[in-house]
2 protein chains.
Amino acid sequence: MLFTKFYTKGEIFEPFLPNLVPDQALQNILQAAHHAPSVGFMQPWNFIVIDSIEIKERLAWAADKEKRALAIHYENEADKKQHFLQLKIEGIKEAPYTICVTCDPTRGGSHVLGRNSIPETDALSTACAIQNMWLAACAEGLALGWVSFYKKQDIRDILEIPPYIDPIALLSIGYTKDYPDQPILETSNWEKRRDVFDLLYRNSWGHT
Amino acid sequence: MLFTKFYTKGEIFEPFLPNLVPDQALQNILQAAHHAPSVGFMQPWNFIVIDSIEIKERLAWAADKEKRALAIHYENEADKKQHFLQLKIEGIKEAPYTICVTCDPTRGGSHVLGRNSIPETDALSTACAIQNMWLAACAEGLALGWVSFYKKQDIRDILEIPPYIDPIALLSIGYTKDYPDQPILETSNWEKRRDVFDLLYRNSWGHT
């Protein structure tokens with residue numbers, strides 16, 4: 001499969017280098033995001049590009065606080081808890097840019113094609129934009145990490161986001177020394193990659 | 001922007017040709033999906049590949065029923081209602097394959113990294129897989145359409161999907177005569193593409 005390695009590369013999460021990210025690369029990543037498909041062509045996304053050291057420190061605090069809170073749920077599995085706390089799962093302070101990708105559920109008006117049937121198509125469309133950013137970052141030689149450890153209200157408070165807007169993801173972007181060939185959660189033995197053939201059915205659930 | 005046209009192509013929704021889709025192309029699209037990133041490496045997706053004429057007809061019925069129900073919400077806008085009913089928004093019966101992409105919220109156990117903070121990261125990860133399918137389909141010269149007009153319970157009934165599994169999307173795949181350069185909702189004047197610069201903020205919401 002031609003794209004396997006390319007797509008897998010997008011999942012890496014290595015410490016970021018301090019090297020500056022060229023404006024053109026950042027623009028290309030944002031254009032790729034904006035040209036993602038969206039259900040009903042609703043384009044529900046906004047992008048808050050963060051390079052302020054002060055704001056990055058506050059976001060990193062919110063993520064670290066949530067990580068420590070989550071570790072408590074592994075308290076009956078001491079090894080897993082230790083493993084979890086050691087995982088390098090975000091690099092907000094190190095990365096030159098972190099982009100908060102948001103979803104506006106009011107975009108396009110009251111009766112958007114598709115969202116009238118399945119309301120969460122707005123968030124799903126925003127995730128398509130995020131996947132384009134991942135691939136575009138890779139094409140630019142940049143690493144991208146999706147931070148999903150935070151309380152949304154903390155992020156709204158720090159970035160002054162209105163209460164009805166969903167801060168879907170924090171994406172840290174920067175150069176990295178080496179792109180690993182596998183996701184770090186795979187190489188660190190946190191999770192295994194499943195066999196795709198175990199996930200395929202034909203014509204109905206459970207039938208192969 | 002190098003990828004603009006490529007990414008935009010993925011959004012097309014032209015009538016499908018009856019030409020057979022090679023097995024290898026289908027496999028490549030499914031492998032691209034499975035190699036999408038997933039929060040906590042949870043890989044929450046399954047893929048039901050549908051080529052049964054009987055099942056395709058039942059899915060098309062479910063989508064058409066929902067489309068007619070949705071049209072009622074435009075009853076105070078006669079022109080928009082007519083426009084809506086004329087839009088060619090699905091080709092389930094014509095496409096050689098329709099793939100139902102599902103999300104299993106139990107995949108990976110009770111405390112998946114990231115999902116413990118933001119439960120919908122499972123559906124967002126599944127949407128990343130869908131975006132990979134869109135791009136991989138385009139690379140294979142195939143058109144892909146995301147059908148988001150249905151009641152989930154109808155799709156569960158038709159495809160025998162358990163009640164806790166989320167049927168995120170129906171994706172129809174096949175060859176098409178022409179790839180348009182713009183989304184059909186744009187060329188048909190249903191919606192306009194927004195200017196990306198109106199969607200960008202710096203360091204906090206509303207600041208440029």
# chains A, B, ... in the order shown; residues from 1 in each chain; ligands from 1
$ select_by_dssp --residues "chain A" --states "alpha helix (DSSP H)" --output "NGL selection string"
:A and (4-9 or 23-34 or 53-71 or 78-86 or 121-139 or 152-159 or 184-187)
$ interface_residues --of "chain B" --to "chain A" --cutoff "7 Å" --atoms "only C-alpha atoms" --output "MDAnalysis selection string"
chainID B and resid 1 3:4 7:8 11 28 32 34:37 41 46:52 114 117:118 124 127:128 131 148:151 159:161 185 191 196 199:205
$ write_last_selection --atoms "N, CA and C atoms" --output "short mmCIF file (atom, residue, chain, number, x, y, z; two decimals), in the first residue's frame"
data_model
loop_
_atom_site.label_atom_id
_atom_site.label_comp_id
_atom_site.auth_asym_id
_atom_site.auth_seq_id
_atom_site.Cartn_x
_atom_site.Cartn_y
_atom_site.Cartn_z
N MET B 1 -1.43 26.81 -3.69
CA MET B 1 -1.50 25.66 -2.76
C MET B 1 -1.58 24.36 -3.55
N PHE B 3 -2.08 21.26 -2.94
CA PHE B 3 -3.08 20.20 -2.74
C PHE B 3 -4.51 20.65 -2.97
N THR B 4 -4.71 21.92 -3.18
CA THR B 4 -6.07 22.43 -3.19
C THR B 4 -6.97 21.63 -4.14
N TYR B 7 -7.46 17.98 -3.01
CA TYR B 7 -8.39 17.82 -1.89
C TYR B 7 -9.81 18.14 -2.31
N THR B 8 -9.96 19.19 -3.13
CA THR B 8 -11.30 19.58 -3.53
C THR B 8 -11.96 18.47 -4.33
N GLU B 11 -14.38 15.98 -2.94
CA GLU B 11 -15.74 16.33 -2.51
C GLU B 11 -16.79 16.07 -3.57
N ASN B 28 -6.81 -0.87 -1.12
CA ASN B 28 -5.95 0.29 -0.84
C ASN B 28 -6.72 1.36 -0.06
N ALA B 32 -5.85 2.56 3.69
CA ALA B 32 -5.63 3.99 3.99
C ALA B 32 -6.47 4.39 5.20
N HIS B 34 -7.56 2.44 7.60
CA HIS B 34 -7.08 1.79 8.83
C HIS B 34 -5.78 2.41 9.32
N HIS B 35 -5.05 3.10 8.43
CA HIS B 35 -3.80 3.74 8.84
C HIS B 35 -3.99 5.21 9.18
N ALA B 36 -5.22 5.62 9.33
CA ALA B 36 -5.47 6.97 9.86
C ALA B 36 -4.98 7.02 11.30
N PRO B 37 -4.66 8.21 11.77
CA PRO B 37 -4.35 8.33 13.20
C PRO B 37 -5.64 8.15 14.01
N PHE B 41 -4.65 5.70 19.89
CA PHE B 41 -4.44 4.56 18.97
C PHE B 41 -5.58 3.54 19.16
N ASN B 46 -15.01 0.00 12.09
CA ASN B 46 -15.26 -1.20 11.28
C ASN B 46 -15.77 -0.72 9.93
N PHE B 47 -15.67 -1.61 8.94
CA PHE B 47 -16.08 -1.26 7.58
C PHE B 47 -16.98 -2.37 7.05
N ILE B 48 -18.22 -2.04 6.75
CA ILE B 48 -19.13 -3.02 6.14
C ILE B 48 -19.19 -2.69 4.64
N VAL B 49 -18.61 -3.57 3.84
CA VAL B 49 -18.55 -3.34 2.39
C VAL B 49 -19.81 -3.94 1.77
N ILE B 50 -20.61 -3.09 1.13
CA ILE B 50 -21.91 -3.53 0.62
C ILE B 50 -21.91 -3.56 -0.90
N ASP B 51 -22.14 -4.74 -1.46
CA ASP B 51 -22.33 -4.84 -2.91
C ASP B 51 -23.62 -5.60 -3.25
N SER B 52 -24.35 -6.03 -2.26
CA SER B 52 -25.64 -6.71 -2.50
C SER B 52 -26.65 -5.71 -3.05
N GLY B 114 -7.12 9.85 25.99
CA GLY B 114 -7.77 10.90 25.20
C GLY B 114 -9.28 10.79 25.26
N SER B 117 -10.93 12.04 28.38
CA SER B 117 -11.17 13.48 28.51
C SER B 117 -12.28 13.94 27.58
N ILE B 118 -12.24 13.48 26.33
CA ILE B 118 -13.18 13.94 25.31
C ILE B 118 -13.78 12.71 24.66
N LEU B 124 -14.40 11.30 16.11
CA LEU B 124 -13.49 12.19 15.37
C LEU B 124 -12.39 11.38 14.70
N ALA B 127 -13.71 9.86 11.64
CA ALA B 127 -13.78 10.84 10.55
C ALA B 127 -12.41 11.03 9.89
N CYS B 128 -11.33 10.94 10.66
CA CYS B 128 -9.99 11.00 10.06
C CYS B 128 -9.81 9.83 9.08
N GLN B 131 -11.62 10.65 5.90
CA GLN B 131 -10.89 11.60 5.04
C GLN B 131 -9.76 10.88 4.30
N SER B 148 -25.11 11.38 4.33
CA SER B 148 -25.37 11.66 5.75
C SER B 148 -26.84 11.95 5.97
N PHE B 149 -27.67 11.38 5.09
CA PHE B 149 -29.12 11.52 5.20
C PHE B 149 -29.70 10.19 5.59
N TYR B 150 -29.83 9.91 6.83
CA TYR B 150 -30.51 8.69 7.23
C TYR B 150 -30.77 8.74 8.73
N LYS B 151 -31.70 7.91 9.15
CA LYS B 151 -31.88 7.70 10.58
C LYS B 151 -30.97 6.54 10.95
N LEU B 159 -28.45 -3.24 8.23
CA LEU B 159 -27.12 -3.88 8.22
C LEU B 159 -26.86 -4.74 9.47
N GLU B 160 -27.88 -4.94 10.30
CA GLU B 160 -27.77 -5.78 11.50
C GLU B 160 -26.65 -5.31 12.43
N ILE B 161 -26.56 -3.99 12.59
CA ILE B 161 -25.52 -3.38 13.44
C ILE B 161 -26.02 -3.33 14.88
N LEU B 185 -22.21 21.46 -4.28
CA LEU B 185 -23.02 22.42 -3.51
C LEU B 185 -22.53 23.85 -3.76
N GLU B 191 -24.23 26.77 -1.48
CA GLU B 191 -23.38 27.42 -0.47
C GLU B 191 -22.14 28.00 -1.16
N VAL B 196 -10.68 31.76 3.69
CA VAL B 196 -10.01 31.17 4.85
C VAL B 196 -9.52 32.25 5.82
N LEU B 199 -11.51 33.06 8.76
CA LEU B 199 -11.69 31.99 9.75
C LEU B 199 -10.47 31.86 10.67
N LEU B 200 -9.48 32.72 10.45
CA LEU B 200 -8.22 32.63 11.21
C LEU B 200 -8.16 33.67 12.31
N TYR B 201 -7.75 33.20 13.49
CA TYR B 201 -7.48 34.13 14.59
C TYR B 201 -6.07 33.89 15.09
N ARG B 202 -5.57 34.83 15.88
CA ARG B 202 -4.21 34.72 16.40
C ARG B 202 -4.21 34.85 17.92
N ASN B 203 -3.83 33.81 18.59
CA ASN B 203 -3.65 33.75 20.05
C ASN B 203 -4.93 33.79 20.88
N SER B 204 -6.01 34.33 20.32
CA SER B 204 -7.29 34.18 21.02
C SER B 204 -8.42 34.46 20.03
N TRP B 205 -9.59 33.95 20.36
CA TRP B 205 -10.79 34.07 19.50
C TRP B 205 -11.06 35.53 19.17
#
$ closest_residue --among "A:Ala63, A:Ala78, A:Ala95, A:Ile173" --to "Gly141 (chain A)" --atoms "only C-alpha atoms"
A:Ile173
$ residues_around --residues "Glu57 (chain B)" --least-positions-apart "4" --cutoff "8 Å" --atoms "only C-alpha atoms" --output "list in words"
Ile53, Trp61, Ile92 and Lys93 of chain B
$ write_last_selection --atoms "N, CA and C atoms" --output "short mmCIF file (atom, residue, chain, number, x, y, z; two decimals), in the first residue's frame"
data_model
loop_
_atom_site.label_atom_id
_atom_site.label_comp_id
_atom_site.auth_asym_id
_atom_site.auth_seq_id
_atom_site.Cartn_x
_atom_site.Cartn_y
_atom_site.Cartn_z
N ILE B 53 -27.25 -6.04 -4.19
CA ILE B 53 -28.23 -5.13 -4.80
C ILE B 53 -29.42 -4.92 -3.86
N TRP B 61 -33.48 3.48 -0.07
CA TRP B 61 -34.82 3.80 0.43
C TRP B 61 -34.73 4.61 1.74
N ILE B 92 -26.38 5.63 -4.03
CA ILE B 92 -26.16 4.31 -3.41
C ILE B 92 -26.47 3.18 -4.39
N LYS B 93 -27.55 3.33 -5.13
CA LYS B 93 -27.94 2.24 -6.04
C LYS B 93 -26.98 2.13 -7.23
#
$ atom_distance --atom1 "CA of Asn189 (chain A)" --atom2 "CA of Arg107 (chain B)"
16.6 Å
$ select_by_dssp --residues "region 148-200 of chain A" --states "strand (DSSP E or B)" --output "mmCIF file with N, CA, C and O atoms, in the first residue's frame"
data_model
loop_
_atom_site.group_PDB
_atom_site.id
_atom_site.type_symbol
_atom_site.label_atom_id
_atom_site.label_comp_id
_atom_site.auth_asym_id
_atom_site.auth_seq_id
_atom_site.Cartn_x
_atom_site.Cartn_y
_atom_site.Cartn_z
ATOM 1 N N ASP A 166 -17.125 24.769 19.914
ATOM 2 C CA ASP A 166 -16.485 23.556 20.414
ATOM 3 C C ASP A 166 -14.993 23.565 20.055
ATOM 4 O O ASP A 166 -14.637 23.516 18.875
ATOM 5 N N PRO A 167 -14.120 23.645 21.084
ATOM 6 C CA PRO A 167 -12.680 23.546 20.791
ATOM 7 C C PRO A 167 -12.317 22.078 20.567
ATOM 8 O O PRO A 167 -11.981 21.357 21.501
ATOM 9 N N ILE A 168 -12.396 21.644 19.317
ATOM 10 C CA ILE A 168 -12.285 20.228 18.948
ATOM 11 C C ILE A 168 -10.898 19.662 19.250
ATOM 12 O O ILE A 168 -10.776 18.533 19.716
ATOM 13 N N ALA A 169 -9.858 20.426 18.937
ATOM 14 C CA ALA A 169 -8.506 19.866 19.072
ATOM 15 C C ALA A 169 -7.483 20.971 19.247
ATOM 16 O O ALA A 169 -7.682 22.098 18.785
ATOM 17 N N LEU A 170 -6.396 20.618 19.930
ATOM 18 C CA LEU A 170 -5.188 21.445 19.935
ATOM 19 C C LEU A 170 -4.147 20.679 19.118
ATOM 20 O O LEU A 170 -3.863 19.512 19.418
ATOM 21 N N LEU A 171 -3.616 21.314 18.103
ATOM 22 C CA LEU A 171 -2.635 20.657 17.238
ATOM 23 C C LEU A 171 -1.314 21.398 17.328
ATOM 24 O O LEU A 171 -1.241 22.580 16.974
ATOM 25 N N SER A 172 -0.291 20.720 17.826
ATOM 26 C CA SER A 172 1.033 21.332 17.907
ATOM 27 C C SER A 172 1.829 20.971 16.652
ATOM 28 O O SER A 172 1.787 19.834 16.192
ATOM 29 N N ILE A 173 2.520 21.954 16.113
ATOM 30 C CA ILE A 173 3.216 21.786 14.834
ATOM 31 C C ILE A 173 4.644 22.286 14.956
ATOM 32 O O ILE A 173 4.886 23.363 15.508
ATOM 33 N N GLY A 174 5.578 21.510 14.434
ATOM 34 C CA GLY A 174 6.965 21.939 14.405
ATOM 35 C C GLY A 174 7.825 20.904 13.717
ATOM 36 O O GLY A 174 7.346 19.830 13.344
ATOM 37 N N THR A 176 10.788 18.057 13.654
ATOM 38 C CA THR A 176 11.187 17.018 14.585
ATOM 39 C C THR A 176 12.461 16.384 14.034
ATOM 40 O O THR A 176 12.733 16.446 12.836
ATOM 41 N N LEU A 200 -13.305 -5.908 8.907
ATOM 42 C CA LEU A 200 -14.098 -5.845 7.670
ATOM 43 C C LEU A 200 -15.255 -6.823 7.703
ATOM 44 O O LEU A 200 -15.076 -7.989 8.074
#
$ decode --residues "region 104-127 of chain B" --atoms "N, CA and C atoms" --output "short mmCIF file (atom, residue, chain, number, x, y, z; two decimals), in the first residue's frame"
data_model
loop_
_atom_site.label_atom_id
_atom_site.label_comp_id
_atom_site.auth_asym_id
_atom_site.auth_seq_id
_atom_site.Cartn_x
_atom_site.Cartn_y
_atom_site.Cartn_z
N ASP B 104 -16.94 2.07 17.20
CA ASP B 104 -17.23 1.24 18.37
C ASP B 104 -16.72 1.97 19.62
N PRO B 105 -17.64 2.53 20.43
CA PRO B 105 -17.20 3.32 21.59
C PRO B 105 -16.60 2.47 22.71
N THR B 106 -16.60 1.15 22.55
CA THR B 106 -16.00 0.28 23.57
C THR B 106 -14.61 -0.21 23.17
N ARG B 107 -14.19 0.12 21.96
CA ARG B 107 -12.91 -0.36 21.45
C ARG B 107 -11.76 0.14 22.33
N GLY B 108 -10.90 -0.78 22.74
CA GLY B 108 -9.73 -0.38 23.51
C GLY B 108 -9.98 -0.35 25.01
N GLY B 109 -11.19 -0.72 25.43
CA GLY B 109 -11.45 -0.81 26.87
C GLY B 109 -12.02 0.46 27.45
N SER B 110 -12.03 0.51 28.77
CA SER B 110 -12.78 1.55 29.47
C SER B 110 -12.05 2.89 29.57
N HIS B 111 -10.73 2.86 29.55
CA HIS B 111 -10.00 4.11 29.82
C HIS B 111 -8.99 4.38 28.71
N VAL B 112 -9.51 4.65 27.51
CA VAL B 112 -8.64 4.92 26.38
C VAL B 112 -8.05 6.32 26.51
N LEU B 113 -6.74 6.40 26.25
CA LEU B 113 -6.04 7.69 26.26
C LEU B 113 -6.79 8.71 25.42
N GLY B 114 -7.12 9.85 25.99
CA GLY B 114 -7.77 10.90 25.20
C GLY B 114 -9.28 10.79 25.26
N ARG B 115 -9.82 9.57 25.09
CA ARG B 115 -11.28 9.43 25.15
C ARG B 115 -11.78 9.63 26.57
N ASN B 116 -10.91 9.44 27.53
CA ASN B 116 -11.31 9.69 28.92
C ASN B 116 -11.56 11.18 29.17
N SER B 117 -10.93 12.04 28.38
CA SER B 117 -11.17 13.48 28.51
C SER B 117 -12.28 13.94 27.58
N ILE B 118 -12.24 13.48 26.33
CA ILE B 118 -13.18 13.94 25.31
C ILE B 118 -13.78 12.71 24.66
N PRO B 119 -14.98 12.31 25.11
CA PRO B 119 -15.54 11.03 24.65
C PRO B 119 -15.69 10.93 23.14
N GLU B 120 -15.98 12.04 22.48
CA GLU B 120 -16.24 11.96 21.04
C GLU B 120 -14.96 11.84 20.21
N THR B 121 -13.80 11.71 20.86
CA THR B 121 -12.59 11.49 20.07
C THR B 121 -12.67 10.17 19.29
N ASP B 122 -13.55 9.24 19.70
CA ASP B 122 -13.68 8.02 18.89
C ASP B 122 -14.32 8.33 17.53
N ALA B 123 -15.40 9.11 17.55
CA ALA B 123 -16.04 9.49 16.28
C ALA B 123 -15.14 10.39 15.45
N LEU B 124 -14.40 11.30 16.11
CA LEU B 124 -13.49 12.19 15.37
C LEU B 124 -12.39 11.38 14.70
N SER B 125 -11.88 10.35 15.39
CA SER B 125 -10.86 9.49 14.79
C SER B 125 -11.42 8.76 13.57
N THR B 126 -12.67 8.32 13.69
CA THR B 126 -13.32 7.64 12.56
C THR B 126 -13.44 8.58 11.37
N ALA B 127 -13.71 9.86 11.64
CA ALA B 127 -13.78 10.84 10.55
C ALA B 127 -12.41 11.03 9.89
#
